[in-house]
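Shown next: protein36.txt, given as compact mmCIF, C-alpha atoms.
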```
# COMPACT_ATOMS: atom_id res chain seq x y z
CA MET A 1 -25.00 11.02 25.59
CA THR A 2 -24.53 12.47 22.11
CA THR A 3 -25.55 16.10 21.81
CA VAL A 4 -27.05 17.16 18.52
CA PRO A 5 -26.33 20.82 17.65
CA ALA A 6 -29.39 22.97 17.17
CA SER A 7 -30.07 24.46 13.75
CA SER A 8 -32.98 25.98 11.93
CA PRO A 9 -35.26 23.41 10.27
CA LEU A 10 -34.46 22.37 6.73
CA PRO A 11 -36.72 23.76 4.01
CA ARG A 12 -39.47 21.43 2.91
CA PHE A 13 -38.63 19.24 -0.08
CA PRO A 14 -41.20 18.19 -2.70
CA ASP A 15 -43.71 15.50 -1.80
CA GLY A 16 -42.41 12.06 -2.73
CA PHE A 17 -38.77 13.12 -2.51
CA LEU A 18 -36.65 9.99 -1.93
CA TRP A 19 -34.24 9.98 1.02
CA GLY A 20 -31.64 7.27 1.35
CA VAL A 21 -28.18 6.15 2.41
CA ALA A 22 -25.57 4.50 0.21
CA THR A 23 -22.83 1.88 0.61
CA SER A 24 -20.82 -0.45 -1.64
CA ALA A 25 -20.11 -4.17 -1.39
CA PRO A 26 -16.30 -4.09 -1.53
CA GLN A 27 -16.19 -1.45 1.20
CA ILE A 28 -18.47 -3.11 3.77
CA GLU A 29 -19.33 -6.74 3.04
CA GLY A 30 -16.17 -8.65 3.95
CA ALA A 31 -16.59 -12.45 3.74
CA VAL A 32 -14.40 -12.48 0.65
CA ASP A 33 -13.73 -16.22 0.85
CA GLU A 34 -17.24 -17.37 1.76
CA ASP A 35 -20.06 -19.01 -0.18
CA GLY A 36 -18.22 -19.30 -3.47
CA ARG A 37 -17.27 -15.66 -3.97
CA GLY A 38 -14.45 -15.15 -6.47
CA ARG A 39 -11.56 -12.73 -6.18
CA SER A 40 -11.97 -9.11 -7.20
CA THR A 41 -9.39 -6.64 -8.46
CA TRP A 42 -9.56 -4.92 -5.08
CA ASP A 43 -8.74 -8.17 -3.25
CA VAL A 44 -5.60 -8.50 -5.36
CA PHE A 45 -4.69 -4.80 -5.30
CA ALA A 46 -5.00 -4.50 -1.50
CA ALA A 47 -2.86 -7.60 -0.96
CA GLN A 48 0.12 -5.93 -2.65
CA ALA A 49 2.40 -3.95 -0.36
CA GLY A 50 2.19 -0.19 -0.58
CA HIS A 51 -1.18 0.10 -2.29
CA ILE A 52 -3.27 0.82 0.83
CA LYS A 53 -1.99 3.66 3.02
CA ASP A 54 -2.63 1.96 6.35
CA GLY A 55 -1.72 -1.51 5.10
CA SER A 56 -5.26 -2.82 5.57
CA ASP A 57 -7.60 -4.73 3.30
CA ALA A 58 -11.34 -5.46 3.01
CA ARG A 59 -11.37 -9.15 3.89
CA VAL A 60 -13.59 -8.34 6.88
CA ALA A 61 -14.43 -4.65 6.25
CA THR A 62 -17.50 -3.92 8.43
CA ASP A 63 -18.73 -7.53 8.14
CA HIS A 64 -22.01 -6.42 6.57
CA TYR A 65 -22.33 -9.87 5.00
CA HIS A 66 -23.06 -11.30 8.46
CA ARG A 67 -24.43 -8.16 10.16
CA TYR A 68 -26.78 -6.93 7.44
CA ARG A 69 -29.87 -7.31 9.65
CA GLU A 70 -28.30 -5.03 12.25
CA ASP A 71 -27.42 -2.53 9.54
CA VAL A 72 -30.91 -2.61 8.04
CA ALA A 73 -32.29 -1.90 11.51
CA LEU A 74 -30.06 1.19 11.65
CA ILE A 75 -31.44 2.39 8.30
CA GLU A 76 -34.98 1.83 9.54
CA GLU A 77 -34.22 3.81 12.70
CA LEU A 78 -32.70 6.62 10.64
CA GLY A 79 -36.05 6.94 8.88
CA VAL A 80 -34.96 7.11 5.23
CA GLY A 81 -36.93 5.37 2.54
CA ALA A 82 -34.21 3.75 0.42
CA TYR A 83 -30.92 1.90 0.72
CA ARG A 84 -28.44 2.06 -2.12
CA PHE A 85 -26.12 -0.95 -1.88
CA SER A 86 -24.03 -2.71 -4.49
CA VAL A 87 -24.14 -6.29 -5.67
CA ALA A 88 -20.67 -7.82 -5.81
CA TRP A 89 -20.07 -9.16 -9.30
CA PRO A 90 -17.49 -11.75 -8.09
CA ARG A 91 -19.96 -12.99 -5.47
CA VAL A 92 -22.59 -13.67 -8.13
CA VAL A 93 -20.36 -14.73 -11.05
CA PRO A 94 -17.05 -15.69 -9.43
CA ASP A 95 -15.02 -15.64 -12.66
CA GLY A 96 -16.94 -12.73 -14.14
CA ALA A 97 -18.35 -14.93 -16.90
CA GLY A 98 -19.92 -18.35 -16.98
CA THR A 99 -21.37 -20.11 -13.94
CA VAL A 100 -23.71 -18.10 -11.71
CA ASN A 101 -23.18 -18.66 -7.99
CA GLY A 102 -26.59 -19.25 -6.44
CA ALA A 103 -25.24 -18.86 -2.91
CA GLY A 104 -24.07 -15.36 -3.77
CA LEU A 105 -27.49 -14.37 -5.07
CA ASP A 106 -29.05 -15.87 -1.95
CA PHE A 107 -27.36 -13.19 0.15
CA TYR A 108 -28.92 -10.38 -1.89
CA ASP A 109 -32.27 -12.18 -1.77
CA ARG A 110 -32.10 -12.08 2.02
CA LEU A 111 -30.96 -8.46 2.06
CA VAL A 112 -33.74 -7.30 -0.28
CA ASP A 113 -36.40 -9.15 1.68
CA THR A 114 -35.11 -7.71 4.96
CA LEU A 115 -35.18 -4.19 3.52
CA LEU A 116 -38.71 -4.55 2.19
CA ALA A 117 -39.93 -5.96 5.50
CA ALA A 118 -38.58 -2.78 7.14
CA GLY A 119 -40.31 -0.54 4.59
CA ILE A 120 -37.04 0.42 2.86
CA ALA A 121 -36.74 0.41 -0.94
CA PRO A 122 -33.72 -1.56 -2.22
CA VAL A 123 -31.65 0.31 -4.82
CA PRO A 124 -28.92 -2.07 -6.06
CA THR A 125 -25.87 -0.87 -7.94
CA LEU A 126 -24.62 -3.62 -10.24
CA PHE A 127 -20.99 -2.49 -10.37
CA HIS A 128 -19.05 -0.50 -7.78
CA TRP A 129 -15.47 -1.08 -9.01
CA ASP A 130 -15.06 -4.75 -7.95
CA THR A 131 -14.23 -6.29 -11.32
CA PRO A 132 -13.75 -10.06 -11.07
CA GLN A 133 -10.01 -10.69 -11.15
CA ALA A 134 -10.37 -13.43 -13.76
CA LEU A 135 -11.77 -10.85 -16.21
CA GLU A 136 -9.06 -8.34 -15.34
CA GLU A 137 -6.44 -10.89 -16.26
CA GLY A 138 -8.04 -11.01 -19.70
CA GLY A 139 -7.87 -7.22 -20.11
CA GLY A 140 -10.55 -6.00 -17.72
CA TRP A 141 -12.43 -2.95 -18.94
CA LEU A 142 -9.83 -2.42 -21.65
CA ALA A 143 -11.40 -5.46 -23.36
CA ARG A 144 -14.74 -5.21 -25.13
CA ASP A 145 -15.80 -8.66 -23.91
CA THR A 146 -16.01 -7.34 -20.35
CA ALA A 147 -18.97 -5.14 -21.31
CA GLU A 148 -20.78 -8.18 -22.70
CA HIS A 149 -20.01 -10.27 -19.63
CA PHE A 150 -21.31 -7.44 -17.45
CA ALA A 151 -24.64 -7.52 -19.30
CA ALA A 152 -24.94 -11.27 -18.73
CA TYR A 153 -24.27 -10.74 -15.02
CA ALA A 154 -26.88 -7.95 -14.92
CA ASP A 155 -29.38 -10.37 -16.45
CA ALA A 156 -28.66 -12.96 -13.75
CA VAL A 157 -29.21 -10.43 -10.95
CA ALA A 158 -32.41 -9.10 -12.51
CA ALA A 159 -33.73 -12.63 -12.94
CA ARG A 160 -33.42 -13.19 -9.19
CA LEU A 161 -34.24 -9.77 -7.73
CA GLY A 162 -36.30 -8.05 -10.43
CA ASP A 163 -39.67 -8.94 -8.92
CA ARG A 164 -38.86 -6.78 -5.87
CA VAL A 165 -36.54 -4.01 -7.10
CA GLU A 166 -38.03 -0.81 -8.53
CA ARG A 167 -34.81 1.18 -9.06
CA TRP A 168 -31.55 -0.05 -10.58
CA ILE A 169 -28.11 1.52 -10.94
CA THR A 170 -25.82 0.02 -13.57
CA LEU A 171 -22.40 1.56 -12.81
CA ASN A 172 -20.89 3.67 -10.08
CA GLU A 173 -18.40 6.37 -11.07
CA PRO A 174 -16.83 5.04 -14.26
CA ALA A 175 -14.77 8.25 -14.40
CA GLU A 176 -12.90 7.36 -11.20
CA LEU A 177 -12.27 3.78 -12.26
CA THR A 178 -10.92 5.03 -15.60
CA LEU A 179 -8.79 7.80 -14.09
CA LEU A 180 -7.56 6.27 -10.84
CA GLY A 181 -7.64 2.57 -11.72
CA TYR A 182 -6.46 2.53 -15.34
CA GLY A 183 -5.00 6.00 -15.88
CA LEU A 184 -2.96 6.66 -12.74
CA GLY A 185 -2.75 3.25 -11.08
CA GLN A 186 -3.72 4.60 -7.65
CA HIS A 187 -6.77 2.30 -7.40
CA ALA A 188 -7.38 -1.25 -8.55
CA PRO A 189 -6.43 -2.66 -10.98
CA GLY A 190 -3.35 -0.45 -10.61
CA ARG A 191 -2.58 0.27 -14.26
CA ALA A 192 -0.85 3.57 -15.02
CA LEU A 193 -1.77 4.07 -18.68
CA LEU A 194 -2.60 7.79 -18.68
CA PHE A 195 -4.55 8.55 -21.87
CA ASP A 196 -4.23 4.95 -23.06
CA ALA A 197 -6.88 4.23 -20.42
CA LEU A 198 -9.59 5.79 -22.63
CA PRO A 199 -10.79 2.41 -23.99
CA ALA A 200 -11.85 1.55 -20.44
CA ALA A 201 -14.15 4.59 -20.40
CA HIS A 202 -15.82 3.50 -23.63
CA HIS A 203 -16.23 -0.11 -22.56
CA LEU A 204 -17.67 0.93 -19.20
CA LEU A 205 -20.26 3.05 -20.98
CA LEU A 206 -20.96 0.22 -23.41
CA GLY A 207 -21.36 -2.16 -20.47
CA HIS A 208 -23.90 0.25 -19.02
CA GLY A 209 -25.87 0.33 -22.28
CA LEU A 210 -25.86 -3.44 -22.66
CA ALA A 211 -26.92 -3.83 -19.02
CA VAL A 212 -29.83 -1.45 -19.63
CA GLN A 213 -30.91 -3.71 -22.49
CA ALA A 214 -30.67 -6.77 -20.25
CA LEU A 215 -32.62 -5.10 -17.46
CA ARG A 216 -35.35 -3.88 -19.82
CA ALA A 217 -35.66 -7.39 -21.27
CA ARG A 218 -36.42 -8.60 -17.74
CA GLY A 219 -39.13 -5.95 -17.38
CA ALA A 220 -37.10 -3.62 -15.20
CA THR A 221 -37.98 0.06 -14.90
CA GLY A 222 -36.44 2.82 -12.83
CA ILE A 223 -32.98 2.43 -14.37
CA GLY A 224 -30.19 4.96 -13.87
CA ILE A 225 -26.45 5.33 -13.47
CA ALA A 226 -24.33 6.99 -10.73
CA ASN A 227 -21.78 9.33 -12.30
CA SER A 228 -19.45 11.59 -10.35
CA HIS A 229 -19.62 15.26 -11.30
CA GLY A 230 -18.44 18.58 -9.97
CA PRO A 231 -17.88 22.08 -11.32
CA THR A 232 -14.49 22.78 -12.86
CA TRP A 233 -13.15 26.25 -12.04
CA PRO A 234 -10.24 27.73 -14.04
CA ALA A 235 -7.30 28.82 -11.90
CA SER A 236 -7.38 32.21 -13.70
CA ASP A 237 -8.85 33.92 -16.75
CA SER A 238 -5.74 33.22 -18.81
CA ALA A 239 -6.13 31.28 -22.05
CA ALA A 240 -3.80 28.55 -20.78
CA ASP A 241 -5.72 28.01 -17.55
CA THR A 242 -9.16 28.08 -19.16
CA ALA A 243 -8.05 25.61 -21.85
CA ALA A 244 -6.64 23.27 -19.20
CA ALA A 245 -9.85 23.51 -17.15
CA ASP A 246 -11.95 22.81 -20.23
CA LEU A 247 -9.94 19.67 -21.00
CA TYR A 248 -10.24 18.45 -17.42
CA ASP A 249 -13.98 19.11 -17.43
CA LEU A 250 -14.30 17.20 -20.70
CA LEU A 251 -12.50 14.16 -19.27
CA LEU A 252 -14.17 14.05 -15.86
CA ASN A 253 -17.66 15.32 -16.65
CA ARG A 254 -18.64 15.45 -20.31
CA LEU A 255 -16.83 12.28 -21.43
CA PHE A 256 -19.32 10.29 -19.34
CA ALA A 257 -22.45 12.47 -19.42
CA ASP A 258 -22.58 13.45 -23.10
CA PRO A 259 -22.67 9.90 -24.56
CA LEU A 260 -25.40 8.90 -22.12
CA LEU A 261 -27.58 11.99 -22.50
CA LEU A 262 -26.77 13.29 -26.00
CA GLY A 263 -25.65 10.14 -27.81
CA ARG A 264 -22.26 11.55 -28.76
CA TYR A 265 -18.82 12.15 -27.34
CA PRO A 266 -17.98 15.78 -26.53
CA ASP A 267 -15.06 15.93 -28.97
CA ASP A 268 -14.61 14.28 -32.37
CA GLY A 269 -10.88 13.89 -31.85
CA LEU A 270 -11.51 12.10 -28.58
CA ALA A 271 -14.09 9.82 -30.18
CA ALA A 272 -11.53 8.85 -32.83
CA LEU A 273 -9.28 7.46 -30.09
CA LEU A 274 -11.92 5.05 -28.82
CA PRO A 275 -12.15 1.40 -29.89
CA GLY A 276 -14.78 -0.52 -31.81
CA PRO A 277 -17.77 0.72 -33.82
CA VAL A 278 -18.17 3.90 -31.81
CA ALA A 279 -21.24 5.21 -33.65
CA ASP A 280 -23.10 1.91 -33.22
CA ASP A 281 -22.02 1.68 -29.60
CA LEU A 282 -23.32 5.17 -28.89
CA ALA A 283 -26.80 4.07 -29.92
CA VAL A 284 -26.60 1.43 -27.17
CA ILE A 285 -24.94 3.71 -24.61
CA SER A 286 -27.57 6.43 -25.01
CA ALA A 287 -30.62 4.24 -24.42
CA PRO A 288 -33.15 6.36 -22.49
CA LEU A 289 -32.73 6.40 -18.71
CA ASP A 290 -35.50 6.77 -16.16
CA TRP A 291 -33.29 8.99 -14.02
CA TYR A 292 -29.70 10.21 -13.88
CA GLY A 293 -27.56 9.82 -10.77
CA ILE A 294 -25.01 12.42 -9.68
CA ASN A 295 -22.37 11.84 -7.00
CA TYR A 296 -21.14 15.21 -5.77
CA TYR A 297 -18.33 15.95 -3.32
CA GLN A 298 -16.41 19.07 -4.36
CA PRO A 299 -15.54 21.44 -7.19
CA THR A 300 -12.05 21.35 -8.72
CA ARG A 301 -9.82 24.28 -9.60
CA ILE A 302 -7.64 23.57 -12.65
CA GLY A 303 -4.81 25.45 -14.30
CA ALA A 304 -2.16 24.89 -16.92
CA PRO A 305 0.69 22.51 -16.06
CA LEU A 306 3.01 23.93 -13.43
CA PRO A 307 6.76 24.22 -14.00
CA ASP A 308 8.88 21.36 -12.66
CA THR A 309 10.11 23.57 -9.83
CA ALA A 310 6.59 23.80 -8.42
CA GLY A 311 6.57 20.12 -7.35
CA PRO A 312 3.99 17.45 -8.23
CA ALA A 313 0.40 18.49 -8.78
CA ASP A 314 -2.08 17.02 -6.31
CA PHE A 315 -5.53 15.58 -7.01
CA ALA A 316 -7.46 14.62 -3.86
CA GLY A 317 -4.26 13.55 -2.14
CA ILE A 318 -2.83 11.80 -5.21
CA ALA A 319 0.37 13.06 -6.83
CA LEU A 320 -0.18 13.47 -10.57
CA PRO A 321 2.47 12.78 -13.21
CA PRO A 322 4.00 15.95 -14.69
CA GLU A 323 3.13 15.05 -18.29
CA LEU A 324 -0.59 15.68 -17.77
CA PRO A 325 -1.85 18.77 -19.64
CA PHE A 326 -3.52 20.29 -16.57
CA SER A 327 -2.74 20.90 -12.92
CA PRO A 328 -5.19 20.94 -9.97
CA ARG A 329 -4.88 23.93 -7.63
CA LYS A 330 -6.04 24.25 -4.05
CA ILE A 331 -9.39 25.97 -3.52
CA GLU A 332 -8.83 28.51 -0.74
CA GLY A 333 -11.28 30.19 1.59
CA TYR A 334 -13.52 27.25 2.50
CA PRO A 335 -13.62 24.76 5.38
CA ARG A 336 -11.96 21.44 4.61
CA THR A 337 -12.84 17.85 5.44
CA ALA A 338 -10.48 15.34 7.04
CA PHE A 339 -9.73 14.27 3.45
CA ASP A 340 -8.64 17.88 2.80
CA TRP A 341 -11.50 18.40 0.34
CA PRO A 342 -13.06 21.89 0.26
CA VAL A 343 -16.61 22.16 1.57
CA VAL A 344 -18.49 24.18 -1.06
CA PRO A 345 -22.27 23.62 -0.86
CA GLU A 346 -23.04 26.34 -3.41
CA ALA A 347 -21.07 24.37 -6.02
CA LEU A 348 -23.79 21.69 -5.84
CA THR A 349 -26.37 24.31 -6.83
CA GLU A 350 -24.06 25.47 -9.61
CA LEU A 351 -23.57 21.91 -10.86
CA LEU A 352 -27.26 21.03 -10.97
CA LEU A 353 -28.23 24.22 -12.78
CA SER A 354 -25.41 23.74 -15.28
CA PHE A 355 -26.76 20.25 -16.05
CA ARG A 356 -30.23 21.68 -16.50
CA ASP A 357 -28.90 24.27 -18.93
CA ARG A 358 -26.47 22.00 -20.83
CA TYR A 359 -28.73 19.01 -21.39
CA GLY A 360 -32.21 20.51 -21.34
CA ALA A 361 -34.93 18.09 -22.40
CA SER A 362 -32.34 15.29 -22.76
CA LEU A 363 -31.79 15.22 -18.99
CA PRO A 364 -34.13 12.89 -17.08
CA PRO A 365 -34.95 13.51 -13.42
CA ILE A 366 -31.87 13.53 -11.19
CA LEU A 367 -31.09 11.62 -8.02
CA ILE A 368 -28.14 12.70 -5.88
CA THR A 369 -26.74 9.19 -5.50
CA GLU A 370 -23.84 10.19 -3.22
CA ASN A 371 -22.98 13.21 -1.11
CA GLY A 372 -20.98 13.09 2.09
CA CYS A 373 -17.71 13.85 3.85
CA SER A 374 -14.95 12.38 5.98
CA TYR A 375 -14.53 13.56 9.56
CA ASP A 376 -13.23 11.85 12.69
CA GLY A 377 -15.13 11.36 15.91
CA ILE A 378 -18.63 10.42 17.04
CA ASP A 379 -19.66 13.98 17.96
CA ASP A 380 -19.19 14.97 14.31
CA THR A 381 -20.57 18.49 14.24
CA GLU A 382 -18.60 19.22 11.03
CA ARG A 383 -20.55 16.51 9.20
CA ILE A 384 -23.81 18.01 10.42
CA ALA A 385 -22.76 21.40 9.05
CA PHE A 386 -21.75 19.75 5.76
CA LEU A 387 -25.08 17.94 5.33
CA ASP A 388 -27.12 20.94 6.42
CA GLY A 389 -25.33 23.21 3.95
CA HIS A 390 -25.58 20.80 1.04
CA LEU A 391 -29.25 20.01 1.61
CA ARG A 392 -30.03 23.73 1.61
CA ALA A 393 -27.99 24.14 -1.58
CA LEU A 394 -29.89 21.24 -3.12
CA HIS A 395 -33.19 22.87 -2.19
CA ARG A 396 -32.10 26.13 -3.82
CA ALA A 397 -31.33 24.24 -7.03
CA ILE A 398 -34.77 22.63 -6.98
CA GLU A 399 -36.41 26.01 -6.45
CA ALA A 400 -34.44 27.31 -9.45
CA GLY A 401 -35.78 24.57 -11.69
CA ALA A 402 -33.49 21.55 -11.27
CA ASP A 403 -35.61 18.38 -11.38
CA VAL A 404 -34.06 16.46 -8.47
CA ARG A 405 -36.13 13.62 -7.02
CA GLY A 406 -33.93 12.14 -4.29
CA TYR A 407 -30.77 12.30 -2.16
CA PHE A 408 -28.53 9.54 -0.77
CA VAL A 409 -25.99 10.24 1.98
CA TRP A 410 -22.57 8.67 1.58
CA THR A 411 -22.35 6.66 3.71
CA LEU A 412 -24.16 4.62 6.34
CA LEU A 413 -21.08 3.08 7.98
CA ASP A 414 -17.44 3.93 8.41
CA ASN A 415 -15.84 1.57 5.91
CA PHE A 416 -12.84 0.53 3.82
CA GLU A 417 -12.11 3.75 1.96
CA TRP A 418 -10.22 2.25 -0.98
CA ALA A 419 -6.53 3.24 -1.09
CA GLU A 420 -6.95 5.18 2.18
CA GLY A 421 -7.84 2.02 4.10
CA TYR A 422 -9.77 2.78 7.27
CA ALA A 423 -8.26 6.20 7.94
CA GLN A 424 -11.07 8.23 6.34
CA ARG A 425 -14.43 8.03 8.13
CA PHE A 426 -17.45 8.87 5.97
CA GLY A 427 -20.12 7.08 8.01
CA LEU A 428 -23.16 8.30 9.88
CA VAL A 429 -22.41 5.30 12.09
CA HIS A 430 -19.00 4.69 13.68
CA VAL A 431 -17.61 1.17 13.32
CA ASP A 432 -15.01 0.10 15.85
CA PRO A 433 -12.12 -1.37 13.85
CA MET A 434 -11.51 -4.13 16.41
CA THR A 435 -14.96 -5.15 17.65
CA LEU A 436 -17.00 -3.92 14.65
CA ALA A 437 -19.51 -2.48 17.11
CA ARG A 438 -21.78 0.16 15.57
CA THR A 439 -22.24 3.52 17.32
CA ARG A 440 -24.59 6.18 16.00
CA LYS A 441 -22.83 9.49 15.48
CA ALA A 442 -24.28 12.91 16.19
CA SER A 443 -24.88 13.28 12.45
CA PHE A 444 -27.07 10.16 12.48
CA HIS A 445 -29.28 11.64 15.19
CA TRP A 446 -29.32 15.04 13.48
CA LEU A 447 -30.37 13.60 10.12
CA ARG A 448 -33.05 11.46 11.74
CA GLY A 449 -34.56 14.57 13.26
CA ALA A 450 -33.97 16.85 10.28
CA LEU A 451 -35.94 14.63 7.91
CA ARG A 452 -39.08 14.76 10.03
CA PHE A 453 -40.58 17.66 8.13
```
Here is a file; write its structure as structure tokens.
Amino acid sequence: MTTVPASSPLPRFPDGFLWGVATSAPQIEGAVDEDGRGRSTWDVFAAQAGHIKDGSDARVATDHYHRYREDVALIEELGVGAYRFSVAWPRVVPDGAGTVNGAGLDFYDRLVDTLLAAGIAPVPTLFHWDTPQALEEGGGWLARDTAEHFAAYADAVAARLGDRVERWITLNEPAELTLLGYGLGQHAPGRALLFDALPAAHHLLLGHGLAVQALRARGATGIGIANSHGPTWPASDSAADTAAADLYDLLLNRLFADPLLLGRYPDDGLAALLPGPVADDLAVISAPLDWYGINYYQPTRIGAPLPDTAGPADFAGIALPPELPFSPRKIEGYPRTAFDWPVVPEALTELLLSFRDRYGASLPPILITENGCSYDGIDDTERIAFLDGHLRALHRAIEAGADVRGYFVWTLLDNFEWAEGYAQRFGLVHVDPMTLARTRKASFHWLRGALRF
């Protein structure tokens, strides 16, 4: 029997606060060759030797495509009110543009109806990194047309699901796709362009803005985006380290938040490097949102580039090329997850209050669209401590004036963790890699009890 560690009750959150769990299609669905689904960039990337650390792929993943009713029952048992999932673009529009696959939409019809029957609000994310491979072969997010095709796909999904969905997410973490997928080549599509990846950032943001237009035209409300953010801490007070940290913060935080919330890029020189009619595009990108999603995992300490003798700089387990104008440094003095990420709950409070101060009246209500950690084992007391600490930090931010309306745990199930394969375990529910049997972890039971205020 799983033993749940005792802890003091969580503070009471505001009435109507939305609790949920989050997943993504390419990490859990499997069934990549069924019912007319097209290939995604992750299908192709994972099939190439050396890209996935354990040599695995997501052809089966957790088989959510066939086991979704079992997984919805787990969410219902957990007692949260919302499920953030993603719709797989190549399942709905196999080539990314053109013919809509009705059988693909049928799956999400069934999922949404099953959620609603269980009293769980569906919160679909339209894009969680699984670009249709056919579009990638035409340039992917480096090509402006991809943003327009994304809007057409968003329209197709809204036409089918819009009568039952009250909250929509356009994109998940465009910063990571730009950095890791196009800049460093560590994620799909595997392009190592460094700063020549910046057009992808602009086209992702444009795709978001065009998708907002498409959703609004279908009568949708409750529209947001899920951006990854975290505080950037300079390695020292030196001018070189603070300048490097400021550049990193610009690229990972402000490059994606400022256009959405302020209608401008954070630096004129940066804006000049971006393609197309940038000023006109910004008017589309900055269309008002109903809420703003923040995915938070950790702060980052940044310094000036290290000398060659220091060895390669490391970013979340990824070796960075030496020509980058900044260098991540290890944050000492905190517990660490199995992913070797520092556990710093107070940085979530810092982040939320910095957003309140930076964006003021331009910032809509916030949802924490992802927060979680990787640990091994079913008696995962470290995950309980992580969630407890971060929920208390979130409550402190709310008490200090941050307008946060909801929180989604990443993630429901142990899943395909991108380039890590199945080695990193973020789930509240353990999934046996051979049988796919689901086992509730101690953190599942703890959260179920903790949310009964």
**Message:** Restricting the calculation to only C-alpha atoms: of A:Ala143, A:Leu105, A:Asn295, A:Phe150, which residue gets closest to Glu173 in chain A?
**Reply:**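 The answer is A:Asn295, which sits nearest to Glu173 in chain A.
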**Prompt:** So which one's closest to Ala235 in chain A, A:Leu306, A:Val344, A:Ala442, A:Ala97? Using only C-alpha atoms, please.
**Reply:**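 Closest residue, counting only C-alpha atoms: A:Leu306.
Comparing A:Asp280, A:Glu176, A:Thr242, A:Asp376 by their smallest distance to His430 in chain A, the closest is A:Asp376 (using only C-alpha atoms).
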Counting all atoms listed in the file, which residues of range 116-220 of chain A sit at most 10 Å from some atom of range 21-30 of chain A, and what is each one's closest atom pair with its distance in Å to one decimal, listed by chain and rising residue number, as a Markdown table?
```
| residue | atom | partner | partner_atom | distance |
| --- | --- | --- | --- | --- |
| A:Val123 | CA | A:Ala22 | CA | 8.9 |
| A:Pro124 | CA | A:Ser24 | CA | 9.4 |
| A:Thr125 | CA | A:Ser24 | CA | 8.1 |
| A:Leu126 | CA | A:Ser24 | CA | 9.9 |
| A:Phe127 | CA | A:Ser24 | CA | 9.0 |
| A:His128 | CA | A:Ser24 | CA | 6.4 |
| A:Trp129 | CA | A:Pro26 | CA | 8.1 |
| A:Asp130 | CA | A:Pro26 | CA | 6.6 |
| A:Asn172 | CA | A:Ser24 | CA | 9.4 |
```
**Request:** Please indicate the distance in Å from CA of Glu417 in chain A to CA of Tyr65 in chain A, rounded to one decimal place.
**Result:** 17.3 Å
**Item:** Residue nearest Leu252 in chain A - candidates A:Gly102, A:Pro299, A:Pro365, A:Gly162, atoms counted: all atoms listed in the file
**Value:** A:Pro299
Which residues of range 175-280 of chain A have any atom within 12 Å of an atom in range 37-54 of chain A when counting only C-alpha atoms, and what is the closest pair of atoms for each, with the distance in Å to one decimal? Order the rows by chain and rising number and write it as a tab-separated table.
```
residue	atom	partner	partner_atom	distance
A:Leu177	CA	A:Thr41	CA	11.5
A:Gly181	CA	A:Thr41	CA	9.9
A:Tyr182	CA	A:Thr41	CA	11.8
A:Gly185	CA	A:His51	CA	9.5
A:Gln186	CA	A:His51	CA	7.4
A:His187	CA	A:Phe45	CA	7.7
A:Ala188	CA	A:Trp42	CA	5.5
A:Pro189	CA	A:Thr41	CA	5.6
A:Gly190	CA	A:Phe45	CA	7.0
A:Arg191	CA	A:Phe45	CA	10.5
```
**Distance in Å - CA of Tyr292 in chain A versus CA of Gly224 in chain A** =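 CA of Gly224 in chain A lies 5.3 Å from CA of Tyr292 in chain A.
Take the candidates A:Ala61, A:Leu251, A:Ala226, A:Ala159 and check each one against Leu179 in chain A using only C-alpha atoms; the shortest distance goes to A:Leu251.
Each of A:Tyr248, A:Trp233, A:Trp291, A:Phe107 was compared to Phe326 in chain A using only C-alpha atoms, and A:Tyr248 turns out to be the nearest.
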**Asked** Could you list as a list in words every residue that has an atom within 12 Å of (-18.5, 20.4, 15.1), using the file's coordinates and counting all atoms listed in the file?
**Response**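 Residues lying no farther than 12 Å from the given point: Thr3, Val4, Pro5, Ala6, Pro335, Thr337, Tyr375, Asp376, Gly377, Ile378, Asp379, Asp380, Thr381, Glu382, Arg383, Ile384, Ala385, Phe386, Lys441, Ala442 and Ser443 of chain A.
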Test item: which residues lie within 9 Å of (-28.6, 6.0, -26.0) counting only C-alpha atoms, as a PDB file with C-alpha atoms, keeping the file's coordinate frame:
```pdb
ATOM      1  CA  GLY A 209     -25.870   0.330 -22.280  1.00  0.00           C
ATOM      2  CA  PRO A 259     -22.670   9.900 -24.560  1.00  0.00           C
ATOM      3  CA  LEU A 260     -25.400   8.900 -22.120  1.00  0.00           C
ATOM      4  CA  LEU A 261     -27.580  11.990 -22.500  1.00  0.00           C
ATOM      5  CA  LEU A 262     -26.770  13.290 -26.000  1.00  0.00           C
ATOM      6  CA  GLY A 263     -25.650  10.140 -27.810  1.00  0.00           C
ATOM      7  CA  ARG A 264     -22.260  11.550 -28.760  1.00  0.00           C
ATOM      8  CA  ASP A 281     -22.020   1.680 -29.600  1.00  0.00           C
ATOM      9  CA  LEU A 282     -23.320   5.170 -28.890  1.00  0.00           C
ATOM     10  CA  ALA A 283     -26.800   4.070 -29.920  1.00  0.00           C
ATOM     11  CA  VAL A 284     -26.600   1.430 -27.170  1.00  0.00           C
ATOM     12  CA  ILE A 285     -24.940   3.710 -24.610  1.00  0.00           C
ATOM     13  CA  SER A 286     -27.570   6.430 -25.010  1.00  0.00           C
ATOM     14  CA  ALA A 287     -30.620   4.240 -24.420  1.00  0.00           C
ATOM     15  CA  PRO A 288     -33.150   6.360 -22.490  1.00  0.00           C
ATOM     16  CA  LEU A 289     -32.730   6.400 -18.710  1.00  0.00           C
TER      17      LEU A 289
END
```
**Request:** Rounded to one decimal place, report the CA of Pro90 in chain A-CA of Asp33 in chain A distance in Å.
**Result:**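 One can read the CA of Pro90 in chain A to CA of Asp33 in chain A distance as 10.7 Å.
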